[in-house]
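J.: Sharing a structure here in C-alpha cells format.
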Protein chains: 4
Amino acid sequence: MEKKIKVGVMGATGMVGQNYLRLLADHPWYEVSYVAASPRSAGKTYVEAVEGRWQMITPIPDNVKGLIVGNAADISAAKGKCSLLFSAVNLPKEEIKKLEMAYADQGFAVVSNNSAHRHTADVPMLIPEVNAAHAEIIPQQRKHYGWDKGLLAVKPNCSVQSYVTPVYALMEKGYRVDEMIVTTLQALSGAGYPGPSALDMLDNVVPFINGEEEKSEIEPQKILGDIKNGKFVYDESIKISAHCNRVSVIDGHTACVSLKFKGEKPEISEITKIWEEFSSVPQELELPTAPEQAIVVRHEADRPQPRKDRDEGKGMAVTVGRLRKCNVFDYRFVGLSHNTVRGAAGGAILMAELLTAKEYIK
Amino acid sequence: MEKKIKVGVMGATGMVGQNYLRLLADHPWYEVSYVAASPRSAGKTYVEAVEGRWQMITPIPDNVKGLIVGNAADISAAKGKCSLLFSAVNLPKEEIKKLEMAYADQGFAVVSNNSAHRHTADVPMLIPEVNAAHAEIIPQQRKHYGWDKGLLAVKPNCSVQSYVTPVYALMEKGYRVDEMIVTTLQALSGAGYPGPSALDMLDNVVPFINGEEEKSEIEPQKILGDIKNGKFVYDESIKISAHCNRVSVIDGHTACVSLKFKGEKPEISEITKIWEEFSSVPQELELPTAPEQAIVVRHEADRPQPRKDRDEGKGMAVTVGRLRKCNVFDYRFVGLSHNTVRGAAGGAILMAELLTAKEYIK
Amino acid sequence: MEKKIKVGVMGATGMVGQNYLRLLADHPWYEVSYVAASPRSAGKTYVEAVEGRWQMITPIPDNVKGLIVGNAADISAAKGKCSLLFSAVNLPKEEIKKLEMAYADQGFAVVSNNSAHRHTADVPMLIPEVNAAHAEIIPQQRKHYGWDKGLLAVKPNCSVQSYVTPVYALMEKGYRVDEMIVTTLQALSGAGYPGPSALDMLDNVVPFINGEEEKSEIEPQKILGDIKNGKFVYDESIKISAHCNRVSVIDGHTACVSLKFKGEKPEISEITKIWEEFSSVPQELELPTAPEQAIVVRHEADRPQPRKDRDEGKGMAVTVGRLRKCNVFDYRFVGLSHNTVRGAAGGAILMAELLTAKEYIK
Amino acid sequence: MEKKIKVGVMGATGMVGQNYLRLLADHPWYEVSYVAASPRSAGKTYVEAVEGRWQMITPIPDNVKGLIVGNAADISAAKGKCSLLFSAVNLPKEEIKKLEMAYADQGFAVVSNNSAHRHTADVPMLIPEVNAAHAEIIPQQRKHYGWDKGLLAVKPNCSVQSYVTPVYALMEKGYRVDEMIVTTLQALSGAGYPGPSALDMLDNVVPFINGEEEKSEIEPQKILGDIKNGKFVYDESIKISAHCNRVSVIDGHTACVSLKFKGEKPEISEITKIWEEFSSVPQELELPTAPEQAIVVRHEADRPQPRKDRDEGKGMAVTVGRLRKCNVFDYRFVGLSHNTVRGAAGGAILMAELLTAKEYIK
C-alpha cells in the first residue's frame with residue numbers, strides 16, 4: 001500500500017473503541033486520523049476525553065493522544081478527515097441505524113460492531129474466513145441506496161465466533177449441519193465497561209445475558225446463508241439453540257457445542273484434519289490481521305481454556321478441542337475465541353481489510 | 001426416635017467426611033460414635049488427625065473432637081461402635097468395592113458416596129425424591145449376599161442432582177423424556193481438597209472433568225429405571241449427552257439443560273406447576289434432612305445462580321429457572337444444586353433416613 | 001422485654017438496609033414496623049420496591065414484605081410507626097446531617113451507619129465493647145438540642161473494626177498504644193452494590209478506597225478518647241497510618257497491623273491471654289446481638305482468613321492471629337471482621353441494644 | 001556480540017525454568033543449548049519432559065523443543081554444552097548449596113534463583129539497578145574458591161523488588177532510610193505451580209507466606225549494604241518489618257510501604273522527580289533486558305494495580321504510585337513489580353547480562 005487509508009473510530013472512548021485504537025496503532029494499511037464520541041467528549045483531545053477511562057493494558061497510542069474528539073452525531077465533522085469509519089458508537093439502536101446509514105450516504109465506508117444493521121437487507125455481516133463472498137453484495141447495496149463510495153458492513157456478535165468458523169469448515173467440505181445445541185461461558189469484557197459487578201461474579205456464574213441467545217441462534221443463519229437474486233437467504237435449515245452464561249473470565253468466550261449432521265457425516269479424524277488444514281480468504285489474501293492458522297486444534301483433554309488459548313493467533317484464531325462423539329447428536333467439541341479481538345475490534349478490522357483488498361474501500 | 005442410631009463416618013478426615021460430621025452434628029436420629037480414616041490417622045483423636053485440614057466454615061463439632069480415629073481398612077475396629085456407616089473413604093476403586101462389601105457382610109448398613117458400587121447389580125443408587133422405591137431391592141440384596149442386617153446403598157454423582165429431579169418430576173406426571181443435552185458448570189469443591197490450582201482457575205474455565213461426563217450420562221438411566229424380576233433395568237430410552245466444565249465457584253453445580261420429549265409434551269405453565277407442586281417420599285415421610293420444597297422455581301431472568309441459590313432448603317433443594325422453549329429440542333432450563341450438601345454428604349444422609357424410615361436401618 | 005420496640009429502617013432498599021432487615025428478622029427486642037427509602041420507592045410495598053435488587057442470600061423476611069415504603073425525607077411519614085430508626089439513607093452528606101438531626105428532633109432515636117455525624121460534637125460513635133461509656137453523652141446531647149426522647153448515635157467506619165477492639169483490649173489493661181501502621185485488605189461489599197466492576201477486580205487488587213484511610217486514622221481517636229467536661233476529647237496521642245486496599249473478597253475486612261507501645265509493653269503470651277479473656281459491656285449485659293467471645297484468637301500460622309473466619313460469632317466477633325514481634329515497632333498481628341455485619345448493620349443493632357439496655361431507647 | 005553465549009537452564013521443566021526459556025527465546029546475547037531437570041525427566045526431549053506441564057501462555061520455543069534433558073545432578077552432562085547456567089533447580093536447600101558450588105567449581109557461571117546462597121559470604125545478590133557494584137566481589141570469589149571461569153551470583157526474593165529499587169533511588173541521592181513497614185499482596189505464581197488451591201483463594205486472602213517475611217526483611221540489608229575489606233557488610237541501620245499476604249492475582253506483587261528517613265528528608269515533589277529521572281547501570285550499559293524506565297510513576301489515585309501495571313517495561317520496570325505523607329512515618333507509597341519476570345527469570349537474566357557486560361561471563 002503506497003499510502004495509508006485514513007480511518008476514523010466512532011465511540012472511541014468506550015472499551016471497543018479503545019481496542020480499535022490499540023489494534024490500529026501500527027497497522028500497515030490504516031492510519032487513525034479521526035476519533036468521535038458523545039457530545040460530552042467532543043472538543044477535547046483524545047487523551048483528555050478518555051482520562052480515567054482507558055482500560056487497555058498497553059498505553060494510549062501516541063498517534064491518537066492529541067486528536068481532537070469529534071461529535072459522532074455530527075457527520076460534517078468527519079468530512080475530509082477519513083474515508084473508513086469503524087463504528088462502536090453507543091446510542092439507542094434506532095439512532096445508530098440512522099446514523100450509520102447517514103455516514104455511508106455521505107461517502108464513508110462504515111464498518112460496524114453494532115447489532116443495529118445486522119439484519120438489514122443488503123448489509124453484509126462478515127466473518128471473512130466464512131462468508132467473504134457476501135462482500136459481493138456491496139455493488140448492489142450502493143446501487144440500492146445511490147451511494148458512490150459509501151458502504152455499510154457489520155460484524156456479527158462476539159458469541160458466535162467460537163463455533164461458526166469450525167462448523168463452516170466442515171460445511172465447506174460438503175457436510176450438512178442440521179442441529180446445534182451450544183452453551184457459552186462468556187467473558188466479562190463482552191459486557192463492556194464497567195459491566196457486571198464484582199459482587200455478582202465472585203464465587204458465582206450468571207446464567208443469562210440479555211439478548212445474547214437470540215443473536216447466537218439467528219446470526220449464523222445469515223452468515224452461513226447465500227446471496228440469491230441479490231438478497232441474503234438465511235440458511236434456516238441449520239437450527240441452533242444457545243444457552244449463554246457469564247463467567248469470571250476477563251477475555252475469551254468458550255462454547256460447548258453438540259452438533260448433528262444431515263446426510264453423510266465425517267469421521268473424527270477427518271474433522272480434525274479439515275480443521276487443521278482450514279485456510280480461507282483472509283489467509284490467501286494475506287490480510288494483515290488474519291491469523292496464520294484460522295482454526296487451532298488442541299489435543300490435550302482439557303483445552304481450550306480462555307486464559308491459556310485466547311491469545312492464539314494474536315487473538316484472531318479460533319481454538320477448538322475435546323472433539324468426541326455425542327450420545328444424542330453426532331459430535332461434541334469446545335470452541336474458544338477472544339471476544340474483544342476476534343469478536344469485536346479485531347474482527348471488524350479484518351472485515352475492513354477484506355473490503356480494502358477487494359477495493360470496495362480505497 | 002427413642003434412642004439415636006450410632007453411626008460411623010469412614011474417610012472422616014477428607015472433605016466429604018468433614019461435611020458428614022458437620023451435617024450430622026445435631027441430627028435427631030443419628031449420633032456419630034465412630035470415625036475412620038487411613039492408617040496414618042488411626043489412633044489419633046479426630047481433632048489431632050484433622051489438624052490443619054479442617055475445611056468447614058463452622059468449627060469441628062464437639063461430639064467428634066475426642067473420638068479416636070479407627071483404621072478404615074480394619075473392620076473389627078468399627079464393630080460394636082455403630083450400625084450405620086457413611087463411606088467417603090479415599091482408596092482405589094477396587095479396594096473400595098471390596099471394603100464396602102466386607103463391611104456390609106459384617107452387618108453394617110453402608111451408605112456410600114463412592115462411585116465403586118454405583119452399577120453393582122443389586123445395589124440401589126438413590127435420590128430419595130426420585131427412586132425411593134429402589135430401596136425395595138434391599139431384601140433381595142440381603143438374600144443374595146446372605147446378609148442379615150448389613151446393606152449397601154450408594155449416592156449418585158453430584159453432577160446429576162441439578163437436573164434429574166426436575167426431569168423426574170415431569171416423568172412422574174406421565175411425560176416421557178427422550179433426549180437431553182446438558183452442560184454443567186461445576187464448583188471447585190466437587191474436586192475435593194486441594195482440588196484445582198488457583199493458577200488454573202483464576203480468569204479461566206476448565207472444560208473437562210475426568211470421568212464426569214460418563215457418570216452424568218449413565219447414572220440417570222439407573223436412577224430413572226425400574227426393578228424387574230429383582231434386577232435393575234436401566235432406562236436406556238433416555239439419552240443424555242453431558243459437557244462438564246469446572247468454574248470458579250466454591251459450591252453449587254449449575255446445569256444448562258435442553259430437553260426433548262417423546263409423545264405428548266407439557267406446556268411451560270404446566271411444567272412450572274408440576275415443579276412447584278412437586279413433593280415426594282422424603283417430604284411425605286418428613287425425613288429430617290428433606291427440604292420442605294424439593295424443587296424451587298425462580299422466576300427472575302437470571303436465576304438460579306450458585307452463590308445466591310445453593311443454600312436453598314439448607315442446601316438440599318434443587319433450584320430451577322429460565323424455563324423456555326428450545327429451538328432444537330422442546331424446552332430449556334437451568335438447574336442448580338449444592339454439590340457438597342445435596343450432591344454429597346447431605347444426599348447420603350437423606351438416603352440413610354429413607355432406609356431408616358423403611359426400617360432397613362435400625 | 002414485654003413488648004417489642006418498633007423500629008424503622010431508612011435506606012431500606014440499599015444493601016446495608018437489606019442487611020438490617022435480615023438481621024432484625026427475628027430480633028427478640030425489636031420489630032421492624034416501618035421502612036423508608038427514596039421518593040422513587042415510596043408508596044410501593046417493600047417487596048415491590050426492592051424487586052430485582054435484593055442482594056441477601058436469605059429471602060426477604062416475611063414481616064417486611066408488605067410494609068409500604070415511606071419517603072425517607074418525609075419525617076411525618078414515620079411518626080407513630082416506630083421509635084427507633086436505623087439510618088442507612090443514601091444522600092449527600094449535608095442532607096443526611098440535616099435529616100438525621102431532624103428525625104432526632106422529632107423524638108426518634110436515630111442510630112446511623114452514615115459518616116455524616118461521626119465527628120459532630122455530642123454524638124457518640126460507638127463500638128459497644130470499646131466505648132460503651134460514651135453513651136453517657138446522651139443526656140447532654142438531649143439537653144443541648146432540647147430533645148425529649150430523641151437521640152443520635154453513630155457507628156464508625158467498617159475498616160476500623162478489625163483492629164480497634166483488639167488494641168482497646170490491651171489499653172484497658174493499662175498498656176498505652178503510641179503508633180500503629182495498618183494495611184487493610186477490604187471486601188467488595190464494603191463499597192455497596194454494585195460497587196467495583198468485576199473487570200477491575202478479577203486478577204487484580206485496587207490499592208485505594210476513597211476517603212477510607214482518613215476515616216481509619218481519625219475515628220479510632222474519638223472512639224478511644226474520653227468525655228471531659230461534657231465533650232469528646234480525641235486521643236491524639238495514638239497515631240495511626242492506614243493503607244486501604246480493595247481485594248476480591250465478598251465479605252470480611254482484613255487488617256495487617258504493626259503496633260508500638262509507649263512505656264511498658266506486654267509479653268506476647270500476655271496479649272494472647274488478654275484477648276482470649278476479653279469480655280466487655282455487651283457480653284455482661286447479654287445484649288442479643290453480642291458475640292459470646294468478642295475477640296477470637298486463632299493459633300494457626302495462616303489465620304484469620306476472610307472466607308473462613310468472617311462468620312465467627314455470627315459475624316460479630318473480631319478474629320485475630322499471627323501475633324508476633326515487629327522488627328520496627330513492638331508487635332504485629334492480623335485482625336479480621338465481617339464488614340457488613342459487625343462493620344455495618346450488626347454493629348449498629350448492637351449499639352441500639354446498648355442504648356436500649358441503658359434505657360435511652362424505650 | 002559476535003557469537004552468542006551458550007546457556008543452560010537447570011530446573012527447566014518447572015515454572016521458573018519455563019519462564020527462562022520463554023524470555024531467552026530470542027535473546028541477542030544468549031542461546032539456550034542445554035536444559036536439565038530431575039532424573040525423572042533426564043533423557044527425554046524437552047517437549048516430552050514438559051508434556052502437560054507447560055504453563056506459559058506462549059508456546060514452547062522451537063529452539064528448546066528437541067533438546068535432550070540432562071540430569072541436573074550430573075555436572076558432567078552439562079560440560080561443553082554451555083558456559084552460563086541459570087539455576088532454578090528444585091531440591092532441598094543443602095543440596096542446592098552443594099550443587100551450585102560444584103557447577104561453579106567446574107567452570108560454569110551460575111546465576112541462581114534459589115535462596116540457598118543468598119547469604120553466602122562472597123556471593124553477590126544483585127538487583128542490577130541497585131547494587132551492580134556488588135559484582136566486583138567476583139574476582140575475590142574466584143580467588144577464594146580457586147575458580148578460573150566459574151562464578152556464582154544470586155537473585156533476591158521476588159517480594160523485595162517492589163520496594164527496594166524505589167527506596168534505593170532515594171538513598172542514592174543522599175537520603176538515609178531508617179525504618180520501613182511493608183505489607184505485600186503477592187501473586188499466586190510466586191508460589192510456583194500448582195501453588196495454592198483455588199478453594200483456598202477464591203473469595204479469600206491468605207495472610208501468610210512461609211519464610212517470605214524474613215526474606216523481605218533481611219535481603220534488602222545485603223543488597224543495600226557495602227563491600228568492605230572484601231566482605232559484604234549488611235546495612236543493618238535499615239529496619240524493615242514485612243507482612244506478606246497471598247491474594248488472587250496471577251502475576252504481580254504489590255507492596256504498601258511506610259517509610260521513615262533519618263536526617264534530612266526529601267519533599268514529595270522531589271521524590272517523584274528522583275523516581276522519574278532514575279536511571280542506573282543496566283540503562284547506561286543498555287543491557288538487552290533492562291527496562292527503558294526502571295521506575296515508572298503513576299499519578300492516578302488508584303494505581304499501580306497488578307493486572308494493569310505488571311507488564312510495564314516488559315515486566316522489568318517497578319511501578320510506583322500513591323506517594324503521600326504518612327501519619328506515623330514520613331511517607332507512604334505503593335510499589336508493584338512482576339514477580340515471575342523482574343522477580344524471577346527476567347531479573348536473573350538481567351544479572352547475567354550485567355556480569356556479561358563486565359566480562360565476568362564470556
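Ligands are numbered from 1 in the order shown, residues from 1 within each chain, and chains are lettered A, B, ... in the order they appear in the C-alpha cells.
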For Glu286 in chain B, please output as a ChimeraX atom specification all residues within 10 Å (counting only C-alpha atoms; exclusion window: fewer than 5 positions along the same chain).
T.: /B:280-281,291-292,353-354,357
J.: Would you mind listing, as an mmCIF file with N, CA and C atoms, in the first residue's frame, all residues of chain A that have at least one atom within 12 Å of chain D, where only C-alpha atoms are what counts?
T.:
data_model
loop_
_atom_site.group_PDB
_atom_site.id
_atom_site.type_symbol
_atom_site.label_atom_id
_atom_site.label_comp_id
_atom_site.auth_asym_id
_atom_site.auth_seq_id
_atom_site.Cartn_x
_atom_site.Cartn_y
_atom_site.Cartn_z
ATOM 1 N N GLU A 51 -9.581 10.334 29.893
ATOM 2 C CA GLU A 51 -8.886 10.325 31.193
ATOM 3 C C GLU A 51 -9.642 9.530 32.259
ATOM 4 N N GLY A 52 -8.922 8.634 32.886
ATOM 5 C CA GLY A 52 -9.520 7.802 33.926
ATOM 6 C C GLY A 52 -10.397 6.693 33.382
ATOM 7 N N ARG A 53 -10.497 6.569 32.048
ATOM 8 C CA ARG A 53 -11.365 5.534 31.477
ATOM 9 C C ARG A 53 -10.609 4.585 30.548
ATOM 10 N N TRP A 54 -9.313 4.823 30.357
ATOM 11 C CA TRP A 54 -8.535 3.959 29.464
ATOM 12 C C TRP A 54 -8.368 2.602 30.123
ATOM 13 N N GLN A 55 -8.917 1.564 29.504
ATOM 14 C CA GLN A 55 -8.944 0.238 30.108
ATOM 15 C C GLN A 55 -7.899 -0.721 29.553
ATOM 16 N N MET A 56 -7.213 -0.325 28.478
ATOM 17 C CA MET A 56 -6.266 -1.260 27.868
ATOM 18 C C MET A 56 -5.028 -1.402 28.753
ATOM 19 N N ILE A 57 -4.348 -2.537 28.632
ATOM 20 C CA ILE A 57 -3.125 -2.784 29.390
ATOM 21 C C ILE A 57 -1.983 -1.949 28.785
ATOM 22 N N THR A 58 -1.987 -1.835 27.472
ATOM 23 C CA THR A 58 -0.965 -1.022 26.796
ATOM 24 C C THR A 58 -1.395 0.446 26.851
ATOM 25 N N PRO A 59 -0.423 1.378 26.808
ATOM 26 C CA PRO A 59 -0.789 2.793 26.928
ATOM 27 C C PRO A 59 -1.531 3.322 25.686
ATOM 28 N N ALA A 198 -18.467 -6.917 40.546
ATOM 29 C CA ALA A 198 -17.654 -7.991 41.132
ATOM 30 C C ALA A 198 -18.455 -8.768 42.172
ATOM 31 N N LEU A 199 -19.347 -8.083 42.882
ATOM 32 C CA LEU A 199 -20.186 -8.761 43.880
ATOM 33 C C LEU A 199 -21.096 -9.812 43.246
ATOM 34 N N MET A 201 -20.243 -11.496 40.439
ATOM 35 C CA MET A 201 -19.480 -12.502 39.704
ATOM 36 C C MET A 201 -18.576 -13.367 40.574
ATOM 37 N N LEU A 202 -18.093 -12.838 41.697
ATOM 38 C CA LEU A 202 -17.154 -13.609 42.522
ATOM 39 C C LEU A 202 -17.887 -14.811 43.127
ATOM 40 N N ASP A 203 -17.266 -16.002 43.012
ATOM 41 C CA ASP A 203 -17.872 -17.222 43.537
ATOM 42 C C ASP A 203 -19.271 -17.423 42.930
ATOM 43 N N ASN A 204 -19.404 -17.106 41.641
ATOM 44 C CA ASN A 204 -20.730 -17.173 41.030
ATOM 45 C C ASN A 204 -20.640 -17.300 39.509
ATOM 46 N N SER A 248 -16.549 -15.664 35.350
ATOM 47 C CA SER A 248 -15.458 -14.807 35.830
ATOM 48 C C SER A 248 -14.181 -15.003 35.017
ATOM 49 N N ILE A 250 -11.732 -12.653 32.197
ATOM 50 C CA ILE A 250 -11.563 -11.310 31.637
ATOM 51 C C ILE A 250 -11.909 -11.305 30.147
ATOM 52 N N ARG A 298 -6.377 -28.097 19.596
ATOM 53 C CA ARG A 298 -5.605 -28.552 20.761
ATOM 54 C C ARG A 298 -5.961 -30.002 21.032
ATOM 55 N N HIS A 299 -4.956 -30.807 21.329
ATOM 56 C CA HIS A 299 -5.207 -32.229 21.518
ATOM 57 C C HIS A 299 -5.247 -32.659 22.981
ATOM 58 N N GLU A 300 -4.924 -31.748 23.907
ATOM 59 C CA GLU A 300 -4.990 -32.108 25.321
ATOM 60 C C GLU A 300 -6.450 -32.314 25.734
ATOM 61 N N ALA A 301 -6.643 -33.122 26.773
ATOM 62 C CA ALA A 301 -8.006 -33.440 27.205
ATOM 63 C C ALA A 301 -8.749 -32.221 27.741
ATOM 64 N N ASP A 302 -8.023 -31.232 28.238
ATOM 65 C CA ASP A 302 -8.683 -30.139 28.972
ATOM 66 C C ASP A 302 -8.530 -28.773 28.307
ATOM 67 N N ARG A 303 -8.322 -28.759 27.026
ATOM 68 C CA ARG A 303 -8.214 -27.494 26.307
ATOM 69 C C ARG A 303 -9.277 -27.430 25.232
ATOM 70 N N PRO A 304 -9.657 -26.262 24.716
ATOM 71 C CA PRO A 304 -9.090 -24.944 25.007
ATOM 72 C C PRO A 304 -9.573 -24.371 26.353
ATOM 73 N N GLN A 305 -8.773 -23.481 26.911
ATOM 74 C CA GLN A 305 -9.118 -22.735 28.123
ATOM 75 C C GLN A 305 -8.920 -21.253 27.827
ATOM 76 N N PRO A 306 -9.842 -20.414 28.325
ATOM 77 C CA PRO A 306 -9.773 -18.998 27.921
ATOM 78 C C PRO A 306 -8.449 -18.309 28.233
ATOM 79 N N ARG A 307 -7.945 -18.422 29.456
ATOM 80 C CA ARG A 307 -6.721 -17.681 29.782
ATOM 81 C C ARG A 307 -5.516 -18.194 29.018
ATOM 82 N N LYS A 308 -5.509 -19.452 28.682
ATOM 83 C CA LYS A 308 -4.341 -20.053 28.052
ATOM 84 C C LYS A 308 -4.388 -20.013 26.530
ATOM 85 N N ASP A 309 -5.573 -19.927 25.956
ATOM 86 C CA ASP A 309 -5.673 -20.046 24.499
ATOM 87 C C ASP A 309 -6.247 -18.826 23.783
ATOM 88 N N ARG A 310 -6.737 -17.832 24.531
ATOM 89 C CA ARG A 310 -7.417 -16.718 23.862
ATOM 90 C C ARG A 310 -6.483 -15.894 22.978
ATOM 91 N N ASP A 311 -5.185 -15.889 23.276
ATOM 92 C CA ASP A 311 -4.274 -15.052 22.505
ATOM 93 C C ASP A 311 -3.701 -15.751 21.273
ATOM 94 N N GLU A 312 -4.168 -16.950 21.025
ATOM 95 C CA GLU A 312 -3.721 -17.711 19.853
ATOM 96 C C GLU A 312 -3.946 -16.872 18.583
ATOM 97 N N GLY A 313 -2.946 -16.806 17.733
ATOM 98 C CA GLY A 313 -3.062 -16.005 16.502
ATOM 99 C C GLY A 313 -3.299 -14.539 16.810
ATOM 100 N N LYS A 314 -2.603 -14.042 17.833
ATOM 101 C CA LYS A 314 -2.811 -12.666 18.322
ATOM 102 C C LYS A 314 -4.279 -12.372 18.611
#
J.: Give the answer as one residue: which of D:Thr319, D:Asn19, D:Thr184, D:Asn90 has the shortest atom-to-atom distance to Cys256 in chain D, using only C-alpha atoms?
T.: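 Using only C-alpha atoms, the shortest distance to Cys256 in chain D belongs to D:Thr184.
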J.: Quick one, how far is CA of Lys6 in chain B from CA of Leu84 in chain B?
T.: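 Taking CA of Lys6 in chain B and CA of Leu84 in chain B, their separation equals 6.6 Å.
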J.: Fewer than 3 positions away in the same chain doesn't count, so skip those; otherwise give me all residues within 7 Å of Ala72 in chain B, counting only C-alpha atoms, as an MDAnalysis selection string.
T.: chainID B and resid 10 36:38 75
J.: What's around range 127-134 of chain D at 9 Å? Count only C-alpha atoms, leave out sequence neighbours fewer than 3 positions away in its own chain, and write the answer as a ChimeraX atom specification.
T.: /D:123-124,137-138,155-156,161,164-165,168-169,172,223-227,232,279-283,290,294,347-348,350-351,354-355
J.: How many Å lie between CA of Glu94 in chain A and CA of Ser115 in chain A, rounded to one decimal?
T.: 10.5 Å
J.: Give me the residues within 12 Å of Ala242 in chain A as a PyMOL selection string, counting only C-alpha atoms and dropping any in the same chain fewer than 4 places off.
T.: (chain A and resi 159-160+163+179-185+207-209+211-220+255-258) or (chain B and resi 181-183+256-258+324-329+331-333)
J.: Once DSSP has gone over the backbone, tell me which residues of range 131-310 of chain D are in alpha helix (DSSP H), as a PyMOL selection string.
T.: chain D and resi 131+138-145+161-172+198-201+212-223+268-277+281-284+306-309
J.: Write out as a PyMOL selection string all residues of range 29-266 of chain D that DSSP puts in strand (DSSP E) for this structure's backbone.
T.: chain D and resi 30-37+69-71+84-87+109-112+151-154+176-186+226-228+231-233+239-246+253-262
J.: Please identify all polymer residues within 10 Å of Ile274 in chain C, counting only C-alpha atoms, omitting same-chain residues fewer than 6 positions from it, and present them as a list in words.
T.: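 Residues meeting the cut-off are Pro166, Ala169, Leu170, Glu172, Lys173, Pro266, Ile268 and Ile295 of chain C.
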J.: Using C-alpha atoms, can you export the residues from the last selection as a tab-separated table (two decimals), in the first residue's frame?
T.:
chain	number	residue	atom	x	y	z
C	166	PRO	CA	-8.00	-5.85	69.96
C	169	ALA	CA	-8.38	-4.73	74.99
C	170	LEU	CA	-4.70	-4.01	75.64
C	172	GLU	CA	-7.93	-1.46	79.06
C	173	LYS	CA	-5.21	-3.41	80.85
C	266	PRO	CA	3.07	-6.73	77.41
C	268	ILE	CA	3.16	-12.00	73.58
C	295	ILE	CA	-12.19	-11.42	70.23
J.: For Asp74 in chain C, please output as a VMD selection string all residues within 12 Å (counting only C-alpha atoms; exclusion window: fewer than 4 positions along the same chain).
T.: chain C and resid 10 35 to 39 42 69 to 70 78 to 79 99 to 100 102 to 103 106
J.: For the atom pair CA of Ile238 in chain A and CA of Ala187 in chain A, what is the interatomic distance in Å to one decimal place?
T.: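 These atoms are spaced 26.0 Å apart.
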